[in-house]
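Dumped query_17.csv below, it's CSV, C-alpha atoms:
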```
chain,number,residue,atom,x,y,z
A,305,MET,CA,9.3,-15.0,81.7
A,306,TRP,CA,8.5,-15.7,78.1
A,307,THR,CA,5.0,-14.2,78.6
A,308,MET,CA,6.7,-11.0,79.9
A,309,ILE,CA,9.1,-10.9,76.9
A,310,TRP,CA,6.5,-11.3,74.2
A,311,ARG,CA,4.1,-8.8,75.9
A,312,THR,CA,6.9,-6.3,76.1
A,313,VAL,CA,7.8,-6.7,72.4
A,314,LEU,CA,4.1,-6.7,71.4
A,315,PHE,CA,3.3,-3.5,73.4
A,316,HIS,CA,6.4,-1.8,72.0
A,317,ALA,CA,5.1,-2.4,68.5
A,318,ILE,CA,1.5,-1.5,69.4
A,319,LEU,CA,2.5,1.8,71.0
A,320,ILE,CA,4.6,2.9,68.0
A,321,VAL,CA,1.7,2.2,65.6
A,322,THR,CA,-0.7,4.1,68.0
A,323,VAL,CA,1.5,7.1,68.2
A,324,ARG,CA,1.9,7.2,64.4
A,325,LEU,CA,-1.9,7.1,64.0
A,326,LEU,CA,-2.3,10.0,66.4
A,327,GLY,CA,-0.5,12.3,64.0
A,328,LYS,CA,2.7,14.2,64.0
A,329,ARG,CA,1.4,17.1,66.0
A,330,GLN,CA,1.1,14.8,69.0
A,331,ILE,CA,4.8,14.0,69.0
A,332,GLY,CA,6.5,17.3,69.5
A,333,GLU,CA,10.2,17.2,68.7
A,334,MET,CA,10.5,13.4,69.1
A,335,GLU,CA,10.3,10.7,66.4
A,336,PRO,CA,7.5,8.2,67.1
A,337,SER,CA,9.8,5.4,68.2
A,338,GLU,CA,11.7,7.8,70.6
A,339,PHE,CA,8.4,8.9,72.1
A,340,VAL,CA,7.3,5.3,72.6
A,341,VAL,CA,10.6,4.3,74.2
A,342,THR,CA,10.4,7.3,76.6
A,343,MET,CA,6.9,6.3,77.7
A,344,LEU,CA,7.8,2.6,78.0
A,345,LEU,CA,11.0,3.2,80.0
A,346,ALA,CA,9.2,5.5,82.4
A,347,ASN,CA,6.5,3.0,83.1
A,348,LEU,CA,8.7,-0.1,83.2
A,349,ALA,CA,11.0,1.5,85.6
A,350,THR,CA,8.1,2.0,88.1
A,351,ILE,CA,7.3,-1.7,88.2
A,352,PRO,CA,10.0,-2.9,90.7
A,353,MET,CA,9.6,0.4,92.6
A,354,GLU,CA,5.8,0.2,93.1
A,355,GLU,CA,5.7,-3.6,93.6
A,356,PRO,CA,8.6,-4.6,95.9
A,357,ASP,CA,7.4,-8.2,96.0
A,358,ARG,CA,8.3,-8.6,92.4
A,359,SER,CA,11.9,-9.4,91.4
A,360,ILE,CA,14.0,-6.5,90.1
A,361,LEU,CA,14.3,-8.5,86.9
A,362,HIS,CA,10.7,-7.6,86.1
A,363,GLY,CA,12.0,-4.1,85.6
A,364,ILE,CA,15.5,-4.7,84.2
A,365,VAL,CA,14.5,-7.4,81.6
A,366,PRO,CA,11.7,-5.4,79.9
A,367,ILE,CA,13.9,-2.2,79.9
A,368,GLY,CA,16.7,-4.1,78.3
A,369,LEU,CA,14.4,-5.5,75.7
A,370,VAL,CA,13.0,-2.1,74.8
A,371,ILE,CA,16.5,-0.7,74.5
A,372,ALA,CA,17.6,-3.6,72.3
A,373,ALA,CA,14.4,-3.2,70.2
A,374,GLU,CA,15.1,0.5,69.7
A,375,MET,CA,18.7,-0.1,68.7
A,376,LEU,CA,17.6,-2.7,66.2
A,377,MET,CA,15.0,-0.4,64.9
A,378,ALA,CA,17.5,2.4,64.6
A,379,LEU,CA,19.8,0.1,62.6
A,380,LEU,CA,16.9,-0.9,60.3
A,381,MET,CA,15.9,2.7,59.8
A,382,PHE,CA,19.5,3.6,58.9
A,383,ARG,CA,19.7,0.9,56.3
A,384,SER,CA,16.2,1.0,54.8
A,385,ILE,CA,14.2,4.0,53.5
A,386,ARG,CA,11.0,1.9,53.6
A,387,VAL,CA,11.4,1.1,57.3
A,388,ARG,CA,12.3,4.7,58.1
A,389,ARG,CA,9.2,6.0,56.3
A,390,LEU,CA,7.0,3.3,58.0
A,391,LEU,CA,8.1,4.2,61.5
A,392,CYS,CA,8.8,7.9,61.2
A,393,GLY,CA,6.7,8.9,58.3
A,394,LYS,CA,7.9,11.5,55.8
A,395,PRO,CA,7.7,15.3,55.5
A,396,VAL,CA,4.3,16.6,54.5
A,397,ILE,CA,3.7,19.8,52.6
A,398,LEU,CA,1.0,22.0,54.2
A,399,ILE,CA,1.4,25.1,52.1
A,400,GLU,CA,2.5,24.8,48.4
A,401,ASN,CA,3.0,27.8,46.2
A,402,GLY,CA,1.1,29.9,48.7
A,403,ARG,CA,-1.9,27.5,48.7
A,404,ILE,CA,-3.0,25.8,51.9
A,405,LEU,CA,-3.4,22.0,51.3
A,406,GLU,CA,-6.5,21.1,53.4
A,407,LYS,CA,-6.2,17.4,52.6
A,408,ASN,CA,-2.7,17.3,54.1
A,409,LEU,CA,-3.9,19.3,57.1
A,410,ARG,CA,-6.5,16.7,57.8
A,411,GLN,CA,-4.0,13.9,57.2
A,412,THR,CA,-1.6,15.2,59.8
A,413,HIS,CA,-4.3,16.4,62.3
A,414,VAL,CA,-3.1,20.0,62.1
A,415,ASN,CA,-5.8,22.6,62.2
A,416,LEU,CA,-5.5,26.2,60.9
A,417,ASP,CA,-5.0,27.7,64.4
A,418,GLU,CA,-2.0,25.4,65.0
A,419,LEU,CA,-0.6,26.2,61.5
A,420,THR,CA,-0.8,29.9,62.1
A,421,MET,CA,0.6,29.5,65.6
A,422,HIS,CA,3.7,27.7,64.3
A,423,LEU,CA,4.1,30.4,61.6
A,424,ARG,CA,4.0,33.1,64.3
A,425,GLU,CA,6.7,31.2,66.3
A,426,GLN,CA,8.9,31.9,63.2
A,427,GLU,CA,7.8,35.6,63.3
A,428,ILE,CA,5.6,35.1,60.2
A,429,PHE,CA,2.3,36.8,60.6
A,430,ASP,CA,1.2,37.2,57.0
A,431,LEU,CA,0.2,33.9,55.3
A,432,SER,CA,0.6,35.5,51.9
A,433,GLU,CA,4.3,35.6,52.4
A,434,VAL,CA,4.7,31.8,52.7
A,435,LYS,CA,5.5,29.9,49.6
A,436,PHE,CA,6.1,26.5,51.2
A,437,ALA,CA,5.4,25.2,54.7
A,438,ILE,CA,6.5,21.6,55.4
A,439,LEU,CA,5.7,19.6,58.5
A,440,GLU,CA,8.8,17.6,59.3
A,441,THR,CA,8.9,14.1,60.8
A,442,ASN,CA,9.7,15.5,64.2
A,443,GLY,CA,6.7,17.7,64.3
A,444,GLN,CA,8.6,20.9,63.4
A,445,LEU,CA,7.4,23.3,60.7
A,446,SER,CA,9.9,24.4,58.0
A,447,THR,CA,9.0,27.4,55.8
A,448,LEU,CA,10.2,29.0,52.6
A,449,LEU,CA,9.1,32.6,52.0
A,450,TYR,CA,8.6,34.3,48.7
A,451,ALA,CA,11.7,36.0,47.5
A,452,LYS,CA,10.3,39.5,47.9
A,453,ASP,CA,9.4,38.8,51.5
A,454,ARG,CA,12.7,37.4,52.7
A,455,PRO,CA,14.4,39.7,55.2
A,456,ALA,CA,17.2,42.1,54.3
A,457,SER,CA,17.4,40.9,50.7
A,458,ALA,CA,16.0,41.9,47.3
A,459,LYS,CA,12.9,43.5,48.7
A,460,ASP,CA,14.8,46.1,50.8
A,461,ALA,CA,17.3,46.7,48.0
A,462,GLY,CA,14.6,47.2,45.4
A,463,ILE,CA,16.0,44.3,43.3
A,464,LYS,CA,13.7,41.9,41.5
A,465,ALA,CA,14.6,38.4,42.7
A,466,SER,CA,14.0,35.1,41.1
A,467,GLU,CA,11.9,32.5,43.0
A,468,THR,CA,13.6,29.5,44.7
A,469,GLU,CA,12.1,26.1,44.3
A,470,LEU,CA,12.6,23.2,46.7
A,471,PRO,CA,15.6,20.9,45.8
A,472,VAL,CA,14.5,17.3,45.0
A,473,THR,CA,16.3,14.4,46.6
A,474,LEU,CA,17.3,11.9,43.8
A,475,ILE,CA,19.6,9.6,45.8
A,476,SER,CA,19.4,8.9,49.5
A,477,ASP,CA,21.9,6.5,51.1
A,478,GLY,CA,22.5,4.6,47.9
A,479,ASN,CA,18.8,4.4,47.0
A,480,LEU,CA,17.5,5.9,43.8
A,481,MET,CA,14.2,7.8,44.5
A,482,GLN,CA,12.1,6.8,41.5
A,483,ASP,CA,9.1,9.0,42.4
A,484,ASN,CA,11.4,12.1,42.8
A,485,LEU,CA,12.9,11.5,39.4
A,486,LYS,CA,9.5,12.3,37.8
A,487,ILE,CA,9.2,15.4,39.9
A,488,ALA,CA,12.6,16.6,38.8
A,489,LYS,CA,11.8,15.6,35.2
A,490,ARG,CA,14.9,13.4,35.0
A,491,ASP,CA,15.4,9.7,34.4
A,492,ALA,CA,17.7,6.9,35.5
A,493,ALA,CA,19.9,7.4,32.4
A,494,TRP,CA,20.5,11.1,33.5
A,495,VAL,CA,21.5,9.9,37.0
A,496,THR,CA,23.8,7.3,35.6
A,497,LYS,CA,25.6,10.0,33.5
A,498,GLU,CA,26.0,12.2,36.6
A,499,LEU,CA,27.4,9.3,38.5
A,500,GLN,CA,29.8,8.5,35.7
A,501,LYS,CA,31.0,12.2,35.7
A,502,ARG,CA,31.9,11.7,39.4
A,503,ASN,CA,33.3,8.2,38.9
A,504,CYS,CA,30.9,6.9,41.5
A,505,LYS,CA,28.5,4.0,41.8
A,506,LEU,CA,24.9,4.4,43.1
A,507,THR,CA,25.6,2.5,46.3
A,508,GLU,CA,28.5,4.8,47.1
A,509,VAL,CA,26.3,8.0,47.2
A,510,LEU,CA,25.1,9.3,50.5
A,511,LEU,CA,23.0,12.2,49.1
A,512,MET,CA,22.3,13.7,45.7
A,513,THR,CA,19.8,16.5,45.2
A,514,LEU,CA,18.8,18.7,42.2
A,515,ASP,CA,17.3,22.2,42.3
A,516,SER,CA,15.2,24.1,39.8
A,517,ALA,CA,18.3,25.8,38.4
A,518,GLY,CA,19.8,22.4,37.6
A,519,LYS,CA,22.4,22.6,40.4
A,520,VAL,CA,23.4,19.2,41.7
A,521,TYR,CA,24.3,18.7,45.3
A,522,PHE,CA,26.4,15.6,45.7
A,523,VAL,CA,27.8,13.9,48.8
A,524,LYS,CA,29.7,10.6,48.7
A,525,LYS,CA,29.8,8.1,51.5
A,526,ARG,CA,32.8,8.3,53.8
A,527,GLY,CA,35.4,5.8,53.0
A,528,LYS,CA,34.4,5.5,49.4
A,529,ARG,CA,37.1,6.4,47.0
```
The structure given in the file should be rewritten as structure tokens.
Amino acid sequence: MWTMIWRTVLFHAILIVTVRLLGKRQIGEMEPSEFVVTMLLANLATIPMEEPDRSILHGIVPIGLVIAAEMLMALLMFRSIRVRRLLCGKPVILIENGRILEKNLRQTHVNLDELTMHLREQEIFDLSEVKFAILETNGQLSTLLYAKDRPASAKDAGIKASETELPVTLISDGNLMQDNLKIAKRDAAWVTKELQKRNCKLTEVLLMTLDSAGKVYFVKKRGKR
């Protein structure tokens, strides 16, 4: 029994690492852990069915362990940004300011044909219209077009529009994002002042972002007064 337990836990971890190494394009719309759980449950469920001589516990116990491990992992990912990034990765920019980042394409195992295919799925056929393209952790591609190329807006009306930059996340679930502070050209003292304006502590913040125009988007955790 103990051999079965440690093998189940071990292979659960090994499969998650393997899927992460394959790259996000192999995952589709699932997070790595969800993809692993789906494969494991499908295979574990066949054990008592294909081998009737074995006890039904040989199927129930591993499935219960996988579900428990997934629930524990979900809790850890909810509480820890480091664990979330380790297991699910983080969004990767593939096109930045109209320039294709070849290094990031290789890192995520996405080739140019796949990139253009995903853009066509969003009815984008001209790469020169794309300012940013971001590969999300679930394998989906998010895009931001140049202001002049956005549908039914400034281009059609003949109005010169200002460009939009990506908002930067400064606080996520009570955690101060030090690397993003540099990108936003802000420091911890500035964040402290913003929190004081809202009479709020760092640990009470669910999300705080800052855009290029200096607009702050702020969400406080529920139940925090």
Subject >> Best match for closeness to A:Ile475 among A:Thr447, A:Thr412, A:Ser384, A:Thr507, counting only C-alpha atoms >> reply: A:Thr507
Subject >> For atom CA of A:Leu449 and atom CA of A:Phe436, the interatomic separation in Å (one decimal) >> reply: 6.8 Å
**OP:** Please measure the separation of atom CA of A:Leu344 and atom CA of A:Val396, giving the value in Å to one decimal.
**Re:**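 Atom CA of A:Leu344 sits 27.6 Å away from atom CA of A:Val396.
Among A:Leu474, A:Val370, A:Ile487, A:Leu405, the residue with the shortest atom-to-atom distance to A:Tyr521, counting all atoms listed in the file, is A:Leu474.
For the set A:Asp477, A:Gln411, A:Ala493, A:Glu374, the residue with the smallest atom-to-atom gap to A:Val523 is A:Asp477, counting only C-alpha atoms.
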Original post:
So which one's closest to A:Arg490, A:Ala437, A:Lys505, A:Gly478, A:Val472? Using all atoms listed in the file, please.
Top reply: A:Val472
Original post:
Given the choices A:Ile438, A:Ala451, A:Ala488, A:Ala317, which gets closest to A:Lys464 if the distance is worked out from only C-alpha atoms?
Top reply: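 Of all the options, A:Ala451 lies closest to A:Lys464.
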**OP:** May I ask for the distance between atom CA of A:Lys435 and atom CA of A:Arg403, given in Å to one decimal place?
**Re:**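 A separation of 7.8 Å between them.
If you measure from each of A:Leu361, A:Val495, A:Leu398, A:Leu369 to A:His413 using all atoms listed in the file, the closest one turns out to be A:Leu398.
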What box, with edges along x, y and z, holds each listed atom of stretch 394-412 of chain A when 6 Å is added on every side, and can you state its centre and edge lengths in Å to one decimal, as JSON?
```
{"center_x": 0.7, "center_y": 20.7, "center_z": 53.0, "size_x": 26.4, "size_y": 30.4, "size_z": 25.6}
```
Can you rebuild stretch 437-454 of chain A with N, CA and C atoms and give it as a PDB file, in the coordinates of the input?
```pdb
ATOM      1  N   ALA A 437       5.314  25.537  53.257  1.00  0.00           N
ATOM      2  CA  ALA A 437       5.400  25.200  54.700  1.00  0.00           C
ATOM      3  C   ALA A 437       5.347  23.670  54.750  1.00  0.00           C
ATOM      4  N   ILE A 438       6.342  23.089  55.409  1.00  0.00           N
ATOM      5  CA  ILE A 438       6.500  21.600  55.400  1.00  0.00           C
ATOM      6  C   ILE A 438       6.521  21.139  56.869  1.00  0.00           C
ATOM      7  N   LEU A 439       5.667  20.175  57.184  1.00  0.00           N
ATOM      8  CA  LEU A 439       5.700  19.600  58.500  1.00  0.00           C
ATOM      9  C   LEU A 439       6.683  18.421  58.486  1.00  0.00           C
ATOM     10  N   GLU A 440       7.765  18.570  59.273  1.00  0.00           N
ATOM     11  CA  GLU A 440       8.800  17.600  59.300  1.00  0.00           C
ATOM     12  C   GLU A 440       8.410  16.372  60.141  1.00  0.00           C
ATOM     13  N   THR A 441       9.206  15.302  60.060  1.00  0.00           N
ATOM     14  CA  THR A 441       8.900  14.100  60.800  1.00  0.00           C
ATOM     15  C   THR A 441       8.948  14.218  62.285  1.00  0.00           C
ATOM     16  N   ASN A 442       9.658  15.244  62.772  1.00  0.00           N
ATOM     17  CA  ASN A 442       9.700  15.500  64.200  1.00  0.00           C
ATOM     18  C   ASN A 442       8.701  16.448  64.733  1.00  0.00           C
ATOM     19  N   GLY A 443       7.751  16.849  63.851  1.00  0.00           N
ATOM     20  CA  GLY A 443       6.700  17.700  64.300  1.00  0.00           C
ATOM     21  C   GLY A 443       6.982  19.208  64.073  1.00  0.00           C
ATOM     22  N   GLN A 444       8.197  19.549  63.648  1.00  0.00           N
ATOM     23  CA  GLN A 444       8.600  20.900  63.400  1.00  0.00           C
ATOM     24  C   GLN A 444       8.086  21.419  62.051  1.00  0.00           C
ATOM     25  N   LEU A 445       7.846  22.732  61.947  1.00  0.00           N
ATOM     26  CA  LEU A 445       7.400  23.300  60.700  1.00  0.00           C
ATOM     27  C   LEU A 445       8.513  24.081  60.032  1.00  0.00           C
ATOM     28  N   SER A 446       8.848  23.716  58.790  1.00  0.00           N
ATOM     29  CA  SER A 446       9.900  24.400  58.000  1.00  0.00           C
ATOM     30  C   SER A 446       9.148  25.285  56.971  1.00  0.00           C
ATOM     31  N   THR A 447       9.651  26.491  56.748  1.00  0.00           N
ATOM     32  CA  THR A 447       9.000  27.400  55.800  1.00  0.00           C
ATOM     33  C   THR A 447       9.965  27.994  54.815  1.00  0.00           C
ATOM     34  N   LEU A 448       9.423  28.327  53.654  1.00  0.00           N
ATOM     35  CA  LEU A 448      10.200  29.000  52.600  1.00  0.00           C
ATOM     36  C   LEU A 448       9.309  30.213  52.193  1.00  0.00           C
ATOM     37  N   LEU A 449       9.816  31.436  52.386  1.00  0.00           N
ATOM     38  CA  LEU A 449       9.100  32.600  52.000  1.00  0.00           C
ATOM     39  C   LEU A 449       9.288  32.976  50.539  1.00  0.00           C
ATOM     40  N   TYR A 450       8.357  33.756  49.994  1.00  0.00           N
ATOM     41  CA  TYR A 450       8.600  34.300  48.700  1.00  0.00           C
ATOM     42  C   TYR A 450       9.794  35.181  48.659  1.00  0.00           C
ATOM     43  N   ALA A 451      10.482  35.251  47.534  1.00  0.00           N
ATOM     44  CA  ALA A 451      11.700  36.000  47.500  1.00  0.00           C
ATOM     45  C   ALA A 451      11.579  37.447  47.896  1.00  0.00           C
ATOM     46  N   LYS A 452      10.464  38.072  47.537  1.00  0.00           N
ATOM     47  CA  LYS A 452      10.300  39.500  47.900  1.00  0.00           C
ATOM     48  C   LYS A 452      10.034  39.724  49.353  1.00  0.00           C
ATOM     49  N   ASP A 453       9.713  38.669  50.086  1.00  0.00           N
ATOM     50  CA  ASP A 453       9.400  38.800  51.500  1.00  0.00           C
ATOM     51  C   ASP A 453      10.507  38.324  52.423  1.00  0.00           C
ATOM     52  N   ARG A 454      11.607  37.860  51.866  1.00  0.00           N
ATOM     53  CA  ARG A 454      12.700  37.400  52.700  1.00  0.00           C
ATOM     54  C   ARG A 454      13.420  38.615  53.300  1.00  0.00           C
TER      55      ARG A 454
END
```
